[in-house]
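Source file: work.cif (mmCIF, C-alpha atoms and all ligand atoms)
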```
data_coords
loop_
_atom_site.label_atom_id
_atom_site.label_comp_id
_atom_site.auth_asym_id
_atom_site.auth_seq_id
_atom_site.Cartn_x
_atom_site.Cartn_y
_atom_site.Cartn_z
CA MET R 26 2.88 -1.81 -17.18
CA ARG R 27 4.89 -4.85 -18.13
CA LEU R 28 6.05 -5.27 -21.73
CA GLU R 29 6.95 -8.60 -23.18
CA ILE R 30 8.78 -8.71 -26.48
CA SER R 31 8.57 -12.23 -27.90
CA GLY R 32 10.34 -13.57 -30.95
CA VAL R 33 10.44 -10.20 -32.71
CA CYS R 34 12.01 -10.23 -36.17
CA HIS R 35 11.93 -7.41 -38.70
CA ARG R 36 12.95 -7.10 -42.33
CA TYR R 37 13.06 -4.03 -44.57
CA ASP R 38 13.15 -5.60 -48.04
CA GLN R 39 16.68 -7.02 -48.28
CA VAL R 40 17.79 -5.86 -44.81
CA GLU R 41 17.22 -8.19 -41.87
CA ALA R 42 17.10 -5.51 -39.16
CA LEU R 43 16.11 -7.65 -36.16
CA ARG R 44 16.14 -11.37 -35.46
CA ASP R 45 14.46 -13.20 -32.61
CA ILE R 46 14.39 -10.47 -29.97
CA ASN R 47 13.06 -11.66 -26.60
CA LEU R 48 12.97 -9.22 -23.71
CA THR R 49 10.68 -8.44 -20.79
CA ILE R 50 10.52 -4.92 -19.38
CA GLU R 51 9.15 -4.80 -15.86
CA PRO R 52 7.07 -1.92 -14.44
CA GLY R 53 9.33 0.83 -13.12
CA GLU R 54 12.30 -0.40 -15.08
CA ILE R 55 14.49 1.79 -17.31
CA VAL R 56 15.99 -0.23 -20.15
CA ALA R 57 18.61 1.29 -22.45
CA LEU R 58 19.17 -0.07 -25.95
CA ILE R 59 22.73 0.38 -27.18
CA GLY R 60 24.78 -0.98 -30.05
CA PRO R 61 26.57 0.08 -33.20
CA SER R 62 24.94 2.20 -35.83
CA GLY R 63 22.40 0.20 -37.80
CA CYS R 64 21.93 -2.57 -35.23
CA GLY R 65 18.18 -1.97 -35.07
CA LYS R 66 17.71 0.13 -31.92
CA SER R 67 15.23 2.58 -33.47
CA THR R 68 13.45 -0.21 -35.30
CA LEU R 69 12.94 -2.06 -32.03
CA LEU R 70 11.69 1.10 -30.30
CA SER R 71 9.22 1.74 -33.14
CA ILE R 72 7.97 -1.83 -32.85
CA ILE R 73 7.58 -1.51 -29.07
CA GLY R 74 5.67 1.76 -29.56
CA GLY R 75 3.37 0.24 -32.15
CA LEU R 76 4.58 2.55 -34.95
CA LEU R 77 5.92 -0.41 -36.89
CA LYS R 78 4.47 -3.90 -37.18
CA PRO R 79 7.18 -6.55 -36.79
CA SER R 80 7.62 -9.07 -39.61
CA GLU R 81 7.35 -11.76 -36.93
CA GLY R 82 6.74 -11.95 -33.19
CA LYS R 83 4.71 -9.77 -30.89
CA ILE R 84 4.70 -7.26 -28.06
CA SER R 85 2.36 -7.94 -25.14
CA ALA R 86 1.52 -5.30 -22.59
CA SER R 87 -0.03 -6.19 -19.26
CA GLY R 88 -0.69 -4.65 -15.88
CA ALA R 89 -1.97 -1.34 -14.63
CA VAL R 90 -1.46 2.04 -16.26
CA PRO R 91 -1.16 5.24 -14.17
CA ASP R 92 -4.36 7.03 -13.14
CA GLY R 93 -5.48 9.34 -15.92
CA CYS R 94 -3.20 7.71 -18.50
CA LEU R 95 -4.17 8.97 -21.98
CA ASN R 96 -1.49 7.22 -24.00
CA PRO R 97 0.24 4.17 -22.46
CA LEU R 98 3.29 4.21 -24.77
CA THR R 99 4.52 7.75 -25.37
CA TYR R 100 7.49 8.94 -27.41
CA VAL R 101 10.06 11.62 -26.69
CA PHE R 102 11.77 12.63 -29.93
CA GLN R 103 15.35 13.61 -30.59
CA ASP R 104 14.36 16.71 -32.57
CA PHE R 105 11.78 17.93 -29.99
CA ALA R 106 8.96 18.15 -32.62
CA LEU R 107 7.43 21.35 -31.23
CA LEU R 108 4.94 23.53 -33.11
CA PRO R 109 6.67 26.90 -33.57
CA TRP R 110 3.44 28.91 -33.47
CA ARG R 111 2.37 27.57 -30.10
CA THR R 112 3.72 28.60 -26.72
CA VAL R 113 5.29 26.12 -24.31
CA ALA R 114 1.93 25.64 -22.58
CA GLY R 115 0.22 25.45 -26.00
CA ASN R 116 2.57 22.70 -27.16
CA ILE R 117 1.81 20.68 -24.04
CA SER R 118 -1.90 21.37 -24.36
CA LEU R 119 -1.84 19.96 -27.89
CA VAL R 120 -1.52 16.36 -26.72
CA LEU R 121 -4.44 16.82 -24.33
CA GLU R 122 -6.88 18.47 -26.71
CA ASP R 123 -8.13 15.29 -28.37
CA HIS R 124 -9.13 13.82 -25.04
CA LYS R 125 -12.23 14.36 -22.95
CA LEU R 126 -10.66 16.45 -20.23
CA SER R 127 -12.32 19.46 -18.63
CA LYS R 128 -10.60 22.82 -19.13
CA ALA R 129 -9.62 22.79 -15.46
CA GLU R 130 -8.16 19.29 -15.65
CA ARG R 131 -6.16 20.22 -18.75
CA ALA R 132 -4.83 23.36 -17.08
CA ALA R 133 -3.94 21.38 -13.94
CA ARG R 134 -1.98 18.82 -15.96
CA ILE R 135 -0.12 21.55 -17.82
CA ASP R 136 0.79 23.26 -14.53
CA GLU R 137 1.91 19.94 -13.05
CA VAL R 138 4.29 19.01 -15.87
CA LEU R 139 5.64 22.56 -16.19
CA GLU R 140 6.53 22.34 -12.52
CA GLN R 141 8.04 18.84 -12.85
CA THR R 142 10.32 19.93 -15.67
CA GLY R 143 11.33 23.36 -14.32
CA LEU R 144 9.42 25.21 -17.04
CA ALA R 145 6.92 27.13 -14.91
CA ASP R 146 8.45 30.51 -15.80
CA PHE R 147 8.50 29.70 -19.51
CA ARG R 148 4.89 28.76 -20.11
CA ASN R 149 4.23 31.68 -22.47
CA ALA R 150 7.51 31.47 -24.39
CA PHE R 151 7.63 30.29 -28.02
CA PRO R 152 10.00 27.52 -29.15
CA LYS R 153 12.23 29.93 -31.10
CA GLN R 154 12.95 31.78 -27.83
CA LEU R 155 14.19 28.59 -26.14
CA SER R 156 17.58 26.88 -26.04
CA GLY R 157 17.84 23.26 -27.19
CA GLY R 158 17.80 22.07 -23.58
CA MET R 159 14.63 23.99 -22.83
CA LYS R 160 12.99 22.67 -25.99
CA GLN R 161 13.71 19.12 -24.90
CA ARG R 162 12.32 19.89 -21.44
CA VAL R 163 9.10 20.86 -23.26
CA GLY R 164 9.27 17.56 -25.17
CA ILE R 165 9.50 15.70 -21.86
CA ALA R 166 6.74 17.79 -20.27
CA ARG R 167 4.47 17.09 -23.23
CA ALA R 168 5.13 13.35 -22.92
CA LEU R 169 4.49 13.38 -19.16
CA ALA R 170 1.21 15.28 -19.58
CA VAL R 171 -0.50 12.15 -20.93
CA ARG R 172 0.67 10.20 -17.86
CA PRO R 173 2.30 7.42 -19.88
CA ALA R 174 2.82 3.92 -18.60
CA VAL R 175 6.04 3.67 -20.61
CA LEU R 176 8.17 6.49 -21.97
CA LEU R 177 9.93 5.66 -25.24
CA MET R 178 12.97 7.84 -25.82
CA ASP R 179 14.98 7.84 -29.04
CA GLU R 180 18.31 9.62 -28.48
CA PRO R 181 16.58 12.43 -26.56
CA LEU R 182 19.83 14.22 -25.71
CA SER R 183 21.76 13.77 -28.93
CA ALA R 184 20.83 17.14 -30.43
CA LEU R 185 22.16 19.01 -27.39
CA ASP R 186 25.57 20.42 -26.54
CA ALA R 187 27.68 18.57 -23.95
CA GLN R 188 26.92 20.83 -20.98
CA THR R 189 23.18 20.84 -21.57
CA ARG R 190 23.31 17.10 -21.97
CA ILE R 191 24.88 16.69 -18.52
CA LEU R 192 22.28 18.99 -16.97
CA LEU R 193 19.39 17.11 -18.56
CA LEU R 194 20.93 13.77 -17.67
CA ASP R 195 20.88 14.81 -14.00
CA GLU R 196 17.26 15.92 -14.39
CA PHE R 197 16.22 12.70 -16.13
CA SER R 198 17.79 10.56 -13.41
CA ALA R 199 16.02 12.59 -10.69
CA LEU R 200 12.73 12.40 -12.61
CA PHE R 201 13.00 8.66 -13.23
CA ALA R 202 13.88 7.99 -9.59
CA ARG R 203 11.07 10.25 -8.30
CA THR R 204 8.30 8.97 -10.56
CA GLY R 205 9.25 5.28 -10.80
CA MET R 206 8.71 5.65 -14.54
CA THR R 207 9.07 2.75 -16.96
CA ALA R 208 11.16 3.72 -19.97
CA VAL R 209 12.97 2.36 -22.99
CA TYR R 210 15.86 4.61 -23.90
CA VAL R 211 17.77 4.35 -27.18
CA THR R 212 21.22 5.88 -27.12
CA HIS R 213 24.65 5.83 -28.74
CA ASN R 214 26.05 7.35 -25.59
CA LEU R 215 27.23 4.76 -23.08
CA ASN R 216 27.47 7.36 -20.34
CA GLU R 217 23.75 8.07 -20.68
CA ALA R 218 23.01 4.35 -20.55
CA VAL R 219 24.99 3.79 -17.33
CA ARG R 220 23.56 6.89 -15.65
CA LEU R 221 19.93 6.12 -16.42
CA ALA R 222 19.25 2.45 -16.99
CA HIS R 223 18.61 -0.46 -14.66
CA ARG R 224 19.48 -2.79 -17.52
CA VAL R 225 21.39 -2.08 -20.71
CA VAL R 226 20.59 -4.25 -23.71
CA ALA R 227 23.53 -4.42 -26.12
CA LEU R 228 22.53 -5.32 -29.67
CA ARG R 229 24.81 -6.65 -32.37
CA ARG R 230 24.08 -5.93 -36.02
CA ARG R 231 23.40 -7.74 -39.27
CA PRO R 232 21.02 -9.04 -38.18
CA GLY R 233 20.21 -7.16 -34.99
CA THR R 234 20.20 -9.64 -32.12
CA ILE R 235 20.66 -9.28 -28.37
CA LYS R 236 24.34 -9.72 -27.57
CA GLU R 237 24.14 -9.26 -23.82
CA ILE R 238 21.94 -7.73 -21.13
CA HIS R 239 23.99 -5.82 -18.60
CA THR R 240 22.47 -5.05 -15.18
CA ILE R 241 23.52 -1.96 -13.19
CA ASP R 242 22.64 -2.55 -9.59
CA VAL R 243 23.04 0.99 -8.24
CA PRO R 244 19.96 3.16 -7.50
CA ILE R 245 19.64 5.64 -10.38
CA ASP R 246 19.54 8.71 -8.16
CA GLN R 247 22.76 7.67 -6.45
CA ARG R 248 24.80 7.48 -9.65
CA ARG R 249 27.24 10.32 -10.09
CA GLU R 250 29.39 11.48 -12.99
CA GLY R 251 32.87 9.97 -12.57
CA ASP R 252 31.87 7.49 -9.82
CA PRO R 253 34.38 4.61 -10.29
CA LEU R 254 31.64 1.98 -10.17
CA ILE R 255 29.66 3.72 -12.91
CA VAL R 256 32.81 4.28 -14.97
CA ALA R 257 33.56 0.54 -14.66
CA HIS R 258 30.11 -0.29 -16.06
CA GLU R 259 30.68 2.13 -18.95
CA THR R 260 34.04 0.49 -19.71
CA ALA R 261 32.43 -2.97 -19.63
CA LEU R 262 29.77 -1.82 -22.11
CA TRP R 263 32.38 -0.35 -24.43
CA GLU R 264 34.31 -3.64 -24.36
CA LEU R 265 31.07 -5.33 -25.34
CA ILE R 266 30.33 -3.26 -28.43
CA ARG R 267 33.74 -1.86 -29.43
CA ASP R 268 34.63 -4.23 -32.26
CA GLU R 269 31.27 -3.87 -33.94
CA ALA R 270 31.18 -0.11 -33.42
CA ILE R 271 34.54 0.14 -35.20
CA ALA R 272 33.28 -2.10 -38.03
CA ALA R 273 30.10 -0.03 -38.39
CA ASP R 274 32.11 3.18 -38.47
CA LYS R 275 34.43 1.90 -41.20
CA GLU R 276 31.46 0.73 -43.21
CA LEU R 277 29.85 4.16 -43.10
CA GLU R 278 33.15 5.72 -44.17
CA ASN R 279 33.33 3.38 -47.15
CA VAL R 280 29.78 4.24 -48.21
CA ALA R 281 30.46 8.01 -48.13
N1 LIG M 301 12.80 2.41 -43.63
C1 LIG M 301 13.84 1.61 -43.85
N2 LIG M 301 14.01 0.99 -45.04
C2 LIG M 301 15.05 0.16 -45.28
N3 LIG M 301 16.00 -0.12 -44.36
C3 LIG M 301 15.90 0.48 -43.16
C4 LIG M 301 14.83 1.38 -42.84
N4 LIG M 301 14.99 1.81 -41.56
C5 LIG M 301 16.11 1.21 -41.12
N5 LIG M 301 16.66 0.42 -42.05
C6 LIG M 301 17.87 -0.41 -41.93
O1 LIG M 301 17.63 -1.32 -40.84
C7 LIG M 301 18.81 -1.43 -40.04
C8 LIG M 301 18.49 -1.00 -38.61
O2 LIG M 301 18.21 0.40 -38.63
P1 LIG M 301 17.88 1.22 -37.30
O3 LIG M 301 17.68 2.65 -37.70
O4 LIG M 301 16.80 0.57 -36.55
O5 LIG M 301 19.24 1.06 -36.50
P2 LIG M 301 19.83 1.94 -35.30
O6 LIG M 301 20.59 1.00 -34.44
O7 LIG M 301 18.74 2.74 -34.67
O8 LIG M 301 20.83 2.88 -36.09
P3 LIG M 301 21.45 4.29 -35.67
O9 LIG M 301 22.18 4.05 -34.39
O10 LIG M 301 22.38 4.62 -36.80
O11 LIG M 301 20.30 5.25 -35.54
C9 LIG M 301 19.88 -0.60 -40.72
O12 LIG M 301 20.65 -1.43 -41.54
C10 LIG M 301 19.09 0.40 -41.52
O13 LIG M 301 19.82 0.83 -42.65
#
```
Have the structure of the file written as structure tokens, please.
Ligand SMILES: Nc1ncnc2c1ncn2[C@@H]1O[C@H](COP(=O)(O)OP(=O)(O)OP(=O)(O)O)[C@@H](O)[C@H]1O
Amino acid sequence: MRLEISGVCHRYDQVEALRDINLTIEPGEIVALIGPSGCGKSTLLSIIGGLLKPSEGKISASGAVPDGCLNPLTYVFQDFALLPWRTVAGNISLVLEDHKLSKAERAARIDEVLEQTGLADFRNAFPKQLSGGMKQRVGIARALAVRPAVLLMDEPLSALDAQTRILLLDEFSALFARTGMTAVYVTHNLNEAVRLAHRVVALRRRPGTIKEIHTIDVPIDQRREGDPLIVAHETALWELIRDEAIAADKELENVA
């Protein structure tokens, strides 16, 4: 599915969060949104996902969705959002229960995504028995179960410790490369952006506008931690947002 963001502006009362955002996301493309705190990354993701109506502009979606797609634009949340009283399989099943799927089809989808995310042995576990990394694997499995056309991810690794983050980053890159998934990925972490995205959109703040779109022309599954080429991209992105990141940080300090 192709997404076209045209002339998107958004205001929250006095705050002009986004101004004139124009961006096309092609099928199979992973786009990361980066920028200093408050530049409008989450607002833009919410607008793309249809959770928030922009003050101006529009999002157009065109093209095919995957076979059996139940929800074209599907979110993966930072805080996992799992129901504690349901098992891993039960949490995945939840997103399938409102749809007309046979019991066998539902069970097959659950098995498929448990396998894809390395959770097959944990299907009967409850969230409280799982580490943060495993909980987020369930979050991903649940999103994949609806066979989305576009995965919308808002800081999916930010609640995890550094080692788990690296493990999941490797798994995400393998998953994205294997499935040819389309995704929009919001992150503060430039390393995540350069490991996962085909294009990185750097936003500036007040109002949030596109500062630069940075292309990373290395196949995602060939990117490795510490690879000089990838490190060079990360450095270039930091150069791009450093001054504003410092300004945003100082501003937050002053508010506190
Ligand atoms: N519900 C709201 N009401 C009023 N202002 C809001 C609301 N949500 C966000 N804002 C403001 O809009 C601007 C953009 O916020 P947004 O959360 O989209 O930025 P962000 O880049 O995702 O920030 P962060 O990196 O800190 O999560 C900020 O100035 C924020 O304070």
Practice task
All residues within 10 Å of ligand LIG 301 (chain M) are required, counting only C-alpha atoms and all ligand atoms; please report them as number ranges by chain.
Solution key: R: 35-43, 58-72, 179-180, 211-213, 228-233, 270, 273-274, 277
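Within 10 Å of the point (9.0, -9.5, -31.1), counting all atoms listed in the file, the protein and nucleic acid residues come to Glu29, Ile30, Ser31, Gly32, Val33, Cys34, His35, Leu43, Arg44, Asp45, Ile46, Asn47, Leu48, Leu69, Ile72, Ile73, Lys78, Pro79, Ser80, Glu81, Gly82, Lys83, Ile84 and Ser85 of chain R.
Between atom CA of R:Ala202 and atom CA of R:Glu264 there is a distance of 27.8 Å.
Residues in contact range of R:His223, defined as at most 10 Å between only C-alpha atoms, with sequence neighbours fewer than 5 positions away removed, read Gly53, Glu54, Ile55, Val56, Ala57, Ala218, His239, Thr240, Ile241, Asp242, Val243, Pro244 and Ile245 of chain R.
With atom CA of R:Asn216 on one side and atom CA of R:Ile255 on the other, the separation reads 8.6 Å.
The residue set within 10 Å of R:Thr112, counting all atoms listed in the file and dropping same-chain residues fewer than 4 places from it, reads R:Leu107, R:Leu108, R:Asn116, R:Ile117, R:Ser118, R:Phe147, R:Arg148, R:Asn149, R:Ala150, R:Phe151, R:Pro152, R:Lys153, R:Gln154.
Comparing the minimum interatomic distances between R:Thr49 and each of R:Leu262, R:Val226, R:Ala106, R:Val256, counting all atoms listed in the file, we find that R:Val226 sits nearest.
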Exercise for the section: Name all residues at most 9 Å from R:Thr189 (count only C-alpha atoms; drop same-chain ones fewer than 6 positions away) and give them as a ChimeraX atom specification. Expected result: /R:157-158,182
Just the selected residues (C-alpha atoms), exported as a tab-separated table (two decimals), keeping the file's coordinate frame, please.
```tsv
chain	number	residue	atom	x	y	z
R	157	GLY	CA	17.84	23.26	-27.19
R	158	GLY	CA	17.80	22.07	-23.58
R	182	LEU	CA	19.83	14.22	-25.71
```
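Between R:Arg203 and the candidates R:Phe105, R:Val163, R:Ala257, R:Gln141, the tightest atom-to-atom separation, counting all atoms listed in the file, involves R:Gln141.
Here atom CA of R:Ile135 stands at a distance of 6.6 Å from atom CA of R:Ala114.
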Practice task
Take the point (22.7, -7.4, -20.9) in the file's coordinates, draw a sphere of radius 8 Å around it, and report as a PyMOL selection string every protein, DNA or RNA residue with an atom inside or on it, counting all atoms listed in the file.
Solution key: chain R and resi 224-227+235-240
Exercise for the section: Point out the residue among R:Met159, R:Val120, R:Val175, R:Phe102 with the least atom-to-atom distance to R:Ala89, counting all atoms listed in the file. Expected result: R:Val175
Please rebuild stretch 142-157 of chain R with N, CA and C atoms and return the result as a compact mmCIF listing (two decimals), keeping the file's coordinate frame.
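What follows is the written file out.txt:
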```txt
# COMPACT_ATOMS: atom_id res chain seq x y z
N THR R 142 9.18 19.81 -14.75
CA THR R 142 10.32 19.93 -15.67
C THR R 142 11.01 21.29 -15.56
N GLY R 143 10.65 22.07 -14.54
CA GLY R 143 11.33 23.36 -14.32
C GLY R 143 10.98 24.40 -15.37
N LEU R 144 9.79 24.30 -15.95
CA LEU R 144 9.42 25.21 -17.04
C LEU R 144 8.36 26.24 -16.62
N ALA R 145 8.05 26.29 -15.34
CA ALA R 145 6.92 27.13 -14.91
C ALA R 145 7.05 28.58 -15.39
N ASP R 146 8.27 29.10 -15.41
CA ASP R 146 8.45 30.51 -15.80
C ASP R 146 8.46 30.71 -17.32
N PHE R 147 8.37 29.61 -18.05
CA PHE R 147 8.50 29.70 -19.51
C PHE R 147 7.21 29.35 -20.24
N ARG R 148 6.12 29.29 -19.52
CA ARG R 148 4.89 28.76 -20.11
C ARG R 148 4.43 29.56 -21.33
N ASN R 149 4.70 30.87 -21.35
CA ASN R 149 4.23 31.68 -22.47
C ASN R 149 5.28 31.93 -23.54
N ALA R 150 6.45 31.29 -23.39
CA ALA R 150 7.51 31.47 -24.39
C ALA R 150 7.21 30.63 -25.63
N PHE R 151 7.76 31.06 -26.77
CA PHE R 151 7.63 30.29 -28.02
C PHE R 151 8.92 29.49 -28.24
N PRO R 152 8.81 28.36 -28.95
CA PRO R 152 10.00 27.52 -29.15
C PRO R 152 11.23 28.29 -29.64
N LYS R 153 11.04 29.24 -30.55
CA LYS R 153 12.23 29.93 -31.10
C LYS R 153 12.96 30.76 -30.02
N GLN R 154 12.29 31.03 -28.91
CA GLN R 154 12.95 31.78 -27.83
C GLN R 154 13.72 30.85 -26.88
N LEU R 155 13.62 29.56 -27.09
CA LEU R 155 14.19 28.59 -26.14
C LEU R 155 15.48 27.97 -26.64
N SER R 156 16.37 27.66 -25.71
CA SER R 156 17.58 26.88 -26.04
C SER R 156 17.16 25.44 -26.35
N GLY R 157 18.12 24.66 -26.89
CA GLY R 157 17.84 23.26 -27.19
C GLY R 157 17.42 22.50 -25.94
```
